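Colleague: What follows is a structure written as structure tokens; I'll ask about it next.
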Amino acid sequence: MERDPSGAAESQGILRSARAVFYAVGISRILGLAREQTVAALFTRTQTDAFNIAFRIPNMLRDLFAEGAMSAAFVPTFTAQLHARTAREAWAFAATVMTLLATLLSGVAVLGMLLSQRIVTGMAGAFHEVPGKFDLTVRLTQAMFPFLPMVAVAAAATGCLNARRRFFIPALAPSMFNVATIACAWLLAPLLERYPAWGIDPVFTLAAGTLVGGLGQFLIQLPLLRKEGLPLRPRFDILNPAVRRIILLMAPGTIGLAAVQVNLVVSSILATRQGEGAPSWLQFAFRIMYLPIGLFGVSMASAALPTMASHHAQGDLQAMRRTLARGLRSLLMMTVPATAGLLALAAPIIAAIYQHGRFDARDTRMTALALQCYAVGLAAYAATKLLVPAFYTLGKTAVPVAASVLSVALNIILSLALVGPMGFQGLALATSLTAFLNCALLYALLRVQLGPLESRKLVGAFLKITLASGGMAVACLWTDAWLAARLPVGGLHAPLWAEVARLAGGMAAGLGFLGLACWGLRLEEFWMAVGLKRR
């Protein structure tokens with residue numbers, strides 16, 4: 001058969017783009033972890049609790065209005081404009097969307113600043129119990145509300161450049177937020193601590209970094225936008241039919257996202273009632289979870305989704321089922337051992353990453369407990385990243401939205417049930433249990449749409465992988481205990497090299513046992529995962 005040169009060139013272009021995004025997102029994830037290390041080391045738990053709640057408020061509105069549903073609606077509409085109209089008209093439309101976003105969300109930001117005291121009362125009224133904590137949260141909230149219109153325009157800019165097949169700079173843009181926050185904290189916080197007479201709490205350096213970073217996310221993309229043809233003059237063409245189309249496309253996704261935001265609000269309220277440090281411990285723990293979710297769930301979806309979409313376009317549902325089933329089994333091979341590792345080595349992981357400066361041994365213990373509860377749901381989190389796009393490939397967009405709404409209701413019920421007996425750990429465990437219920441529901445509904453998904457092979461693989469992962473966890477625990485007895489770790493001033501050596505030793509022992517176990521059990525999923533991960 002003759003090769004199609006244009007098809008080969010297109011495939012190479014897609015791989016180059018994917019590689020660029022991978023590197024940019026990897027940089028952003030590492031910088032995000034460095035940002036959390038900075039926050040944990042330089043500030044007290046009173047300050048970090050106040051900052052996390054204050055930032056969560058505009059950040060939730062960003063998720064609702066600026067990213068997610070808006071981006072999903074804007075990119076295909078802008079792409080259609082590029083094909084159906086002249087480049088000048090398409091970019092005029094983009095300028096209209098950015099102008100409307102900036103105007104609308106600036107109004108929301110002003111309203112939020114005026115109502116900050118009432119908003120914080122609803123979300124974190126328990127902060128009144130610590131002198132000054134509630135007022136600090138209100139002032140931080142007011143300071144960070146302008147972040148909302150900035151990051152909304154940056155998200156629209158990312159959509160424009162992606163539609164023009166510009167990927168690296170847009171994917172790198174979120175790193176500006178991390179870099180600005182780290183720089184402001186390290187440069188300005190010591191200065192404010194040295195001059196307390198100025199009356200500015202050092203934690204406001206994080207608010208400054210948030211605003212500078214939000215603006216930086218747009219400015220780093222501006223040269224490319226200008227080169228592509230974006231006019232800098234504001235436009236208010238609200239009668240443009242494409243604008244109305246975006247609003248209609250946003251509706252289903254916004255409903256699903258609104259349900260998620262309700263869940264975040266409830267979780268935040270419950271977390272603030274669990275004592276000093278609880279909101280921060282949950283935030284620090286879930287930041288660790290971002291790494292395997294991105295590495296495994298997102299990368300697997302990126303590798304499998306184009307193949308599934310191709311099979312669907314050709315009407316070959318059997319091949320699509322086979323690809324999805326192999327992807328799920330490969331995900332199990334990646335996430336079940338990762339779960340075992342996080343459960344066994346949670347304390348060494350947290351100590352090596354966070355236990356510096358004002359993050360003490362107690363913070364490590366509490367954050368490790370939260371991480372273990374979050375880790376229970378890792379496989380389900382990652383599998384959902386593969387299952388949801390499968391529904392979009394089939395054109396069944398309402399199904400994952402409905403499942404999301406139901407999952408939010410279940411999460412709220414479980415959170416209320418578990419927070420009493422377990423405290424803040426119950427909130428993390430409720431999130432994990434909900435992830436499993438959501439994953440199981442999506443899997444069952446997808447079987448209805450697609451037919452059998454090799455469930456017997458999936459269960460068999462799960463049992464073998466769980467057996468190997470259990471042995472790996474034992475190897476991690478034994479090695480960790482052996483090293484902890486011989487290295488100067490666990491104390492308030494434990495040297496970083498000792499914590500890193502302890503963690504590296506436990507990981508090496510666990511991975512070595514896992515490799516031998518996979519070889520002994522003849523796990524074909526191990527080699528499937530390796531192959532897909534390379535792609």
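Here's how to read the names in the structure tokens: chain A, B, ... by the order shown, residue numbers from 1 in each chain, ligand numbers from 1 in the order shown.
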Which residues, written as a list of chain:residue names, have at least one atom at most 9 Å from Leu31 (chain A), with only C-alpha atoms counted and residues fewer than 2 positions away on the same chain left out?

Modeller: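 Once the adjacent positions are removed, what remains is A:Gly26, A:Ile27, A:Ser28, A:Arg29, A:Leu33, A:Ala34, A:Arg35, A:Glu36, A:Ser175, A:Asn178, A:Val179, A:Ile182.
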
Colleague: Quick one: residues within 8 Å of region 519-523 of chain A, only C-alpha atoms counted, chain neighbours fewer than 4 positions away excluded, as a list in words?

Modeller: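 The filter keeps Ala461, Lys464, Ile465, Gly515 and Trp527 of chain A.
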
Colleague: Could you please take those selected residues and save N, CA and C atoms as a PDB file, in the first residue's frame?

Modeller:
```
ATOM      1  N   ALA A 461      -6.923  -8.255  35.346  1.00  0.00           N
ATOM      2  CA  ALA A 461      -5.745  -7.387  35.419  1.00  0.00           C
ATOM      3  C   ALA A 461      -5.707  -6.656  36.763  1.00  0.00           C
ATOM      4  N   LYS A 464      -4.421  -9.009  39.571  1.00  0.00           N
ATOM      5  CA  LYS A 464      -2.983  -9.254  39.481  1.00  0.00           C
ATOM      6  C   LYS A 464      -2.180  -8.007  39.855  1.00  0.00           C
ATOM      7  N   ILE A 465      -2.616  -6.863  39.346  1.00  0.00           N
ATOM      8  CA  ILE A 465      -1.888  -5.618  39.621  1.00  0.00           C
ATOM      9  C   ILE A 465      -1.980  -5.272  41.107  1.00  0.00           C
ATOM     10  N   GLY A 515       8.652  -4.484  39.552  1.00  0.00           N
ATOM     11  CA  GLY A 515       9.129  -5.025  38.290  1.00  0.00           C
ATOM     12  C   GLY A 515       9.252  -6.540  38.315  1.00  0.00           C
ATOM     13  N   TRP A 527       3.628  -4.104  29.921  1.00  0.00           N
ATOM     14  CA  TRP A 527       4.246  -3.708  28.644  1.00  0.00           C
ATOM     15  C   TRP A 527       3.313  -2.831  27.829  1.00  0.00           C
TER      16      TRP A 527
END
```

Colleague: With only C-alpha atoms as the basis for distance, which of A:Leu458, A:Ala50, A:Ala409, A:Leu387 is at the shortest distance from Tyr443 (chain A)?

Modeller: A:Leu387

Colleague: Just want the 9 Å neighbourhood of Ala417 (chain A), counted on only C-alpha atoms, with same-chain residues fewer than 5 positions away dropped. Output as number ranges by chain.

Modeller: A: 412, 426, 430

Colleague: Let me see the file: selected residues, C-alpha atoms, as a PDB file, in the first residue's frame.

Modeller:
```
ATOM      1  CA  ILE A 412     -21.633  16.487  49.686  1.00  0.00           C
ATOM      2  CA  GLY A 426     -13.083  12.618  55.944  1.00  0.00           C
ATOM      3  CA  ALA A 430     -15.243  11.544  50.541  1.00  0.00           C
TER       4      ALA A 430
END
```

Colleague: Which residues come within 9 Å of region 88-101 of chain A, counting only C-alpha atoms, excluding same-chain residues fewer than 6 positions away, as a PDB file with N, CA, C and O atoms, in the first residue's frame?

Modeller:
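Below is the file that was written, part-v4.pdb:
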```
ATOM      1  N   PHE A  65     -16.363  30.668  34.616  1.00  0.00           N
ATOM      2  CA  PHE A  65     -16.575  31.591  33.506  1.00  0.00           C
ATOM      3  C   PHE A  65     -15.435  31.639  32.494  1.00  0.00           C
ATOM      4  O   PHE A  65     -15.670  31.888  31.304  1.00  0.00           O
ATOM      5  N   ALA A  66     -14.190  31.438  32.959  1.00  0.00           N
ATOM      6  CA  ALA A  66     -13.050  31.704  32.088  1.00  0.00           C
ATOM      7  C   ALA A  66     -12.508  30.462  31.421  1.00  0.00           C
ATOM      8  O   ALA A  66     -12.071  30.507  30.282  1.00  0.00           O
ATOM      9  N   PHE A  74     -15.468  28.319  22.952  1.00  0.00           N
ATOM     10  CA  PHE A  74     -14.829  29.367  22.160  1.00  0.00           C
ATOM     11  C   PHE A  74     -13.951  28.805  21.052  1.00  0.00           C
ATOM     12  O   PHE A  74     -13.986  29.288  19.912  1.00  0.00           O
ATOM     13  N   PHE A  78     -14.315  29.890  17.197  1.00  0.00           N
ATOM     14  CA  PHE A  78     -13.282  30.722  16.585  1.00  0.00           C
ATOM     15  C   PHE A  78     -12.676  30.017  15.370  1.00  0.00           C
ATOM     16  O   PHE A  78     -12.414  30.648  14.339  1.00  0.00           O
ATOM     17  N   THR A  79     -12.480  28.701  15.472  1.00  0.00           N
ATOM     18  CA  THR A  79     -11.941  27.934  14.339  1.00  0.00           C
ATOM     19  C   THR A  79     -12.888  27.998  13.151  1.00  0.00           C
ATOM     20  O   THR A  79     -12.456  28.161  11.991  1.00  0.00           O
ATOM     21  N   ALA A  80     -14.193  27.882  13.436  1.00  0.00           N
ATOM     22  CA  ALA A  80     -15.184  27.987  12.350  1.00  0.00           C
ATOM     23  C   ALA A  80     -15.141  29.368  11.709  1.00  0.00           C
ATOM     24  O   ALA A  80     -15.274  29.504  10.483  1.00  0.00           O
ATOM     25  N   GLN A  81     -14.941  30.400  12.521  1.00  0.00           N
ATOM     26  CA  GLN A  81     -14.842  31.762  11.981  1.00  0.00           C
ATOM     27  C   GLN A  81     -13.625  31.908  11.071  1.00  0.00           C
ATOM     28  O   GLN A  81     -13.688  32.572  10.034  1.00  0.00           O
ATOM     29  N   LEU A  82     -12.522  31.272  11.447  1.00  0.00           N
ATOM     30  CA  LEU A  82     -11.312  31.338  10.624  1.00  0.00           C
ATOM     31  C   LEU A  82     -11.533  30.713   9.254  1.00  0.00           C
ATOM     32  O   LEU A  82     -10.963  31.171   8.250  1.00  0.00           O
ATOM     33  N   PRO A 149     -10.821  38.817  35.872  1.00  0.00           N
ATOM     34  CA  PRO A 149     -10.851  39.241  34.456  1.00  0.00           C
ATOM     35  C   PRO A 149      -9.517  39.031  33.746  1.00  0.00           C
ATOM     36  O   PRO A 149      -9.492  38.737  32.544  1.00  0.00           O
ATOM     37  N   ALA A 152      -9.280  35.385  32.724  1.00  0.00           N
ATOM     38  CA  ALA A 152     -10.307  35.067  31.730  1.00  0.00           C
ATOM     39  C   ALA A 152      -9.839  35.450  30.333  1.00  0.00           C
ATOM     40  O   ALA A 152      -9.986  34.682  29.369  1.00  0.00           O
ATOM     41  N   VAL A 153      -9.279  36.639  30.211  1.00  0.00           N
ATOM     42  CA  VAL A 153      -8.765  37.084  28.912  1.00  0.00           C
ATOM     43  C   VAL A 153      -7.587  36.203  28.485  1.00  0.00           C
ATOM     44  O   VAL A 153      -7.441  35.857  27.304  1.00  0.00           O
ATOM     45  N   ALA A 154      -6.748  35.805  29.450  1.00  0.00           N
ATOM     46  CA  ALA A 154      -5.623  34.920  29.129  1.00  0.00           C
ATOM     47  C   ALA A 154      -6.123  33.579  28.610  1.00  0.00           C
ATOM     48  O   ALA A 154      -5.537  32.991  27.688  1.00  0.00           O
ATOM     49  N   ALA A 156      -8.950  33.023  26.979  1.00  0.00           N
ATOM     50  CA  ALA A 156      -9.417  33.235  25.606  1.00  0.00           C
ATOM     51  C   ALA A 156      -8.237  33.341  24.645  1.00  0.00           C
ATOM     52  O   ALA A 156      -8.288  32.833  23.517  1.00  0.00           O
ATOM     53  N   ALA A 157      -7.167  34.005  25.083  1.00  0.00           N
ATOM     54  CA  ALA A 157      -5.964  34.107  24.246  1.00  0.00           C
ATOM     55  C   ALA A 157      -5.386  32.729  23.960  1.00  0.00           C
ATOM     56  O   ALA A 157      -4.968  32.431  22.828  1.00  0.00           O
ATOM     57  N   CYS A 160      -7.412  31.077  21.254  1.00  0.00           N
ATOM     58  CA  CYS A 160      -7.097  31.631  19.928  1.00  0.00           C
ATOM     59  C   CYS A 160      -5.819  31.019  19.361  1.00  0.00           C
ATOM     60  O   CYS A 160      -5.773  30.599  18.198  1.00  0.00           O
ATOM     61  N   GLU A 228      -0.382  37.124  14.880  1.00  0.00           N
ATOM     62  CA  GLU A 228      -1.455  36.407  14.180  1.00  0.00           C
ATOM     63  C   GLU A 228      -2.532  37.354  13.646  1.00  0.00           C
ATOM     64  O   GLU A 228      -3.235  37.005  12.701  1.00  0.00           O
ATOM     65  N   GLY A 229      -2.687  38.530  14.284  1.00  0.00           N
ATOM     66  CA  GLY A 229      -3.659  39.482  13.754  1.00  0.00           C
ATOM     67  C   GLY A 229      -4.676  40.024  14.733  1.00  0.00           C
ATOM     68  O   GLY A 229      -5.651  40.670  14.328  1.00  0.00           O
ATOM     69  N   LEU A 230      -4.504  39.810  16.039  1.00  0.00           N
ATOM     70  CA  LEU A 230      -5.472  40.321  17.013  1.00  0.00           C
ATOM     71  C   LEU A 230      -5.381  41.836  17.106  1.00  0.00           C
ATOM     72  O   LEU A 230      -4.314  42.387  17.387  1.00  0.00           O
ATOM     73  N   PRO A 231      -6.493  42.559  16.889  1.00  0.00           N
ATOM     74  CA  PRO A 231      -6.476  44.013  17.082  1.00  0.00           C
ATOM     75  C   PRO A 231      -6.488  44.346  18.574  1.00  0.00           C
ATOM     76  O   PRO A 231      -7.099  43.645  19.372  1.00  0.00           O
ATOM     77  N   LEU A 232      -5.792  45.424  18.953  1.00  0.00           N
ATOM     78  CA  LEU A 232      -5.711  45.791  20.354  1.00  0.00           C
ATOM     79  C   LEU A 232      -6.880  46.670  20.801  1.00  0.00           C
ATOM     80  O   LEU A 232      -7.086  46.850  22.003  1.00  0.00           O
ATOM     81  N   ARG A 233      -7.632  47.208  19.869  1.00  0.00           N
ATOM     82  CA  ARG A 233      -8.753  48.078  20.249  1.00  0.00           C
ATOM     83  C   ARG A 233      -9.909  47.241  20.772  1.00  0.00           C
ATOM     84  O   ARG A 233     -10.253  46.196  20.199  1.00  0.00           O
ATOM     85  N   PRO A 234     -10.564  47.666  21.868  1.00  0.00           N
ATOM     86  CA  PRO A 234     -11.740  46.943  22.379  1.00  0.00           C
ATOM     87  C   PRO A 234     -12.877  46.948  21.359  1.00  0.00           C
ATOM     88  O   PRO A 234     -13.050  47.902  20.593  1.00  0.00           O
ATOM     89  N   ARG A 235     -13.660  45.872  21.339  1.00  0.00           N
ATOM     90  CA  ARG A 235     -14.800  45.754  20.434  1.00  0.00           C
ATOM     91  C   ARG A 235     -15.999  45.244  21.230  1.00  0.00           C
ATOM     92  O   ARG A 235     -15.867  44.372  22.088  1.00  0.00           O
ATOM     93  N   PHE A 236     -17.173  45.790  20.930  1.00  0.00           N
ATOM     94  CA  PHE A 236     -18.398  45.424  21.647  1.00  0.00           C
ATOM     95  C   PHE A 236     -19.474  44.968  20.668  1.00  0.00           C
ATOM     96  O   PHE A 236     -20.636  45.390  20.744  1.00  0.00           O
ATOM     97  N   ASP A 237     -19.111  44.100  19.745  1.00  0.00           N
ATOM     98  CA  ASP A 237     -20.058  43.603  18.736  1.00  0.00           C
ATOM     99  C   ASP A 237     -20.904  42.478  19.339  1.00  0.00           C
ATOM    100  O   ASP A 237     -20.806  41.307  18.960  1.00  0.00           O
ATOM    101  N   ILE A 238     -21.788  42.833  20.265  1.00  0.00           N
ATOM    102  CA  ILE A 238     -22.558  41.820  20.995  1.00  0.00           C
ATOM    103  C   ILE A 238     -23.639  41.186  20.141  1.00  0.00           C
ATOM    104  O   ILE A 238     -24.213  40.154  20.522  1.00  0.00           O
ATOM    105  N   ASN A 240     -23.118  39.904  17.219  1.00  0.00           N
ATOM    106  CA  ASN A 240     -22.475  38.897  16.367  1.00  0.00           C
ATOM    107  C   ASN A 240     -23.094  37.523  16.659  1.00  0.00           C
ATOM    108  O   ASN A 240     -23.131  37.080  17.812  1.00  0.00           O
ATOM    109  N   ALA A 242     -21.969  34.618  16.244  1.00  0.00           N
ATOM    110  CA  ALA A 242     -20.997  33.701  16.840  1.00  0.00           C
ATOM    111  C   ALA A 242     -20.916  33.872  18.353  1.00  0.00           C
ATOM    112  O   ALA A 242     -20.671  32.909  19.088  1.00  0.00           O
ATOM    113  N   VAL A 243     -21.136  35.111  18.820  1.00  0.00           N
ATOM    114  CA  VAL A 243     -21.144  35.347  20.268  1.00  0.00           C
ATOM    115  C   VAL A 243     -22.321  34.618  20.902  1.00  0.00           C
ATOM    116  O   VAL A 243     -22.193  33.984  21.953  1.00  0.00           O
TER     117      VAL A 243
END
```

Colleague: List as a ChimeraX atom specification the protein and nucleic acid residues near Arg502 (chain A), meaning an atom at most 12 Å away when only C-alpha atoms are counted, but skip any in the same chain fewer than 2 places from it.

Modeller: /A:345-352,476-490,494-500,504-509

Colleague: How would the residues just chosen look if you wrote them out with C-alpha atoms as a compact mmCIF listing (two decimals), in the first residue's frame?

Modeller:
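The resulting file, selection_12.txt, is shown below:
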```
# COMPACT_ATOMS: atom_id res chain seq x y z
CA LEU A 345 5.37 6.59 51.61
CA ALA A 346 3.03 9.52 52.26
CA ALA A 347 5.01 10.84 55.24
CA PRO A 348 8.47 10.65 53.55
CA ILE A 349 7.03 12.30 50.41
CA ILE A 350 5.53 15.20 52.35
CA ALA A 351 8.63 15.59 54.53
CA ALA A 352 10.99 15.72 51.54
CA CYS A 476 8.36 0.32 50.56
CA LEU A 477 7.29 0.18 54.22
CA TRP A 478 10.07 -2.20 55.27
CA THR A 479 12.77 -0.18 53.51
CA ASP A 480 11.40 3.10 54.83
CA ALA A 481 11.41 1.79 58.43
CA TRP A 482 14.96 0.45 58.01
CA LEU A 483 16.23 3.78 56.64
CA ALA A 484 14.29 5.88 59.19
CA ALA A 485 16.11 4.03 61.98
CA ARG A 486 19.50 4.86 60.47
CA LEU A 487 19.09 8.37 59.06
CA PRO A 488 18.51 11.67 60.95
CA VAL A 489 14.90 12.06 59.76
CA GLY A 490 11.56 12.88 61.33
CA ALA A 494 15.99 17.01 59.78
CA PRO A 495 18.44 17.65 56.93
CA LEU A 496 16.96 17.65 53.44
CA TRP A 497 19.51 15.13 52.13
CA ALA A 498 18.37 12.59 54.73
CA GLU A 499 14.68 13.00 53.87
CA VAL A 500 15.43 12.67 50.15
CA ALA A 504 14.55 7.52 47.26
CA GLY A 505 15.43 4.29 49.05
CA GLY A 506 11.80 3.40 49.70
CA MET A 507 10.82 4.16 46.11
CA ALA A 508 13.70 2.17 44.65
CA ALA A 509 12.85 -0.90 46.74
```

Colleague: When you count only C-alpha atoms, which of these residues is closest to Arg166 (chain A): A:Leu225, A:Ala189, A:Ile119, A:Ala143?

Modeller: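 Once distances to Arg166 (chain A) are computed over only C-alpha atoms, the minimum belongs to A:Leu225.
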
Colleague: I'd like the neighbourhood of Leu211 (chain A) as a list in words, where a residue qualifies if any of its atoms comes within 9 Å (using only C-alpha atoms), though same-chain residues fewer than 2 positions away should be ignored.

Modeller: Ala143, Met144, Phe145, Pro146, Phe147, Met150, Phe177, Ala180, Thr181, Leu206, Ala207, Ala208, Gly209, Gly213, Gly214, Leu215 and Gly216 of chain A

Colleague: If you keep C-alpha atoms, can you produce a file of those selected residues as a tab-separated table (two decimals), in the first residue's frame?

Modeller:
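selection.tsv was written with the following content:
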```tsv
chain	number	residue	atom	x	y	z
A	143	ALA	CA	-7.03	42.09	46.83
A	144	MET	CA	-7.27	39.05	44.55
A	145	PHE	CA	-10.64	39.54	42.87
A	146	PRO	CA	-9.03	41.49	39.94
A	147	PHE	CA	-7.29	38.20	39.08
A	150	MET	CA	-7.10	38.95	33.84
A	177	PHE	CA	1.43	32.67	37.80
A	180	ALA	CA	5.34	35.55	39.93
A	181	THR	CA	4.04	34.08	43.18
A	206	LEU	CA	1.10	36.02	47.59
A	207	ALA	CA	-1.81	38.25	46.53
A	208	ALA	CA	0.62	40.48	44.65
A	209	GLY	CA	2.12	37.46	42.93
A	213	GLY	CA	0.93	36.23	37.42
A	214	GLY	CA	-2.61	36.65	36.10
A	215	LEU	CA	-1.49	39.60	33.97
A	216	GLY	CA	1.64	37.73	32.93
```

Colleague: With distances taken over only C-alpha atoms, which of A:Thr103, A:Ala382, A:Arg326, A:Gly510 is nearest to Glu524 (chain A)?

Modeller: A:Arg326

Colleague: Determine the nearest neighbour of Lys457 (chain A) from the options A:Leu386, A:Leu503, A:Leu332, A:Leu378, counting only C-alpha atoms.

Modeller: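 Residue with the minimum atom-to-atom distance to Lys457 (chain A): A:Leu332.
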
Colleague: Which is closest to Leu429 (chain A) among A:Ala375, A:Val459, A:Ala398, A:Ala171, if we use only C-alpha atoms?

Modeller: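 Distance minimum relative to Leu429 (chain A) lands on A:Ala375.
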
Colleague: Pick the closest to Ala402 (chain A) from A:Leu514, A:Leu148, A:Leu441, A:Val203: which is it, counting only C-alpha atoms?

Modeller: A:Leu441

Colleague: Between CA of Gly470 (chain A) and CA of Pro337 (chain A), what distance in Å does the model show, to one decimal?

Modeller: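 Computing the Euclidean distance for CA of Gly470 (chain A) and CA of Pro337 (chain A) yields 8.1 Å.
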
Colleague: Which distance in Å separates CA of Ile169 (chain A) and CA of Lys385 (chain A), to one decimal?

Modeller: 23.7 Å
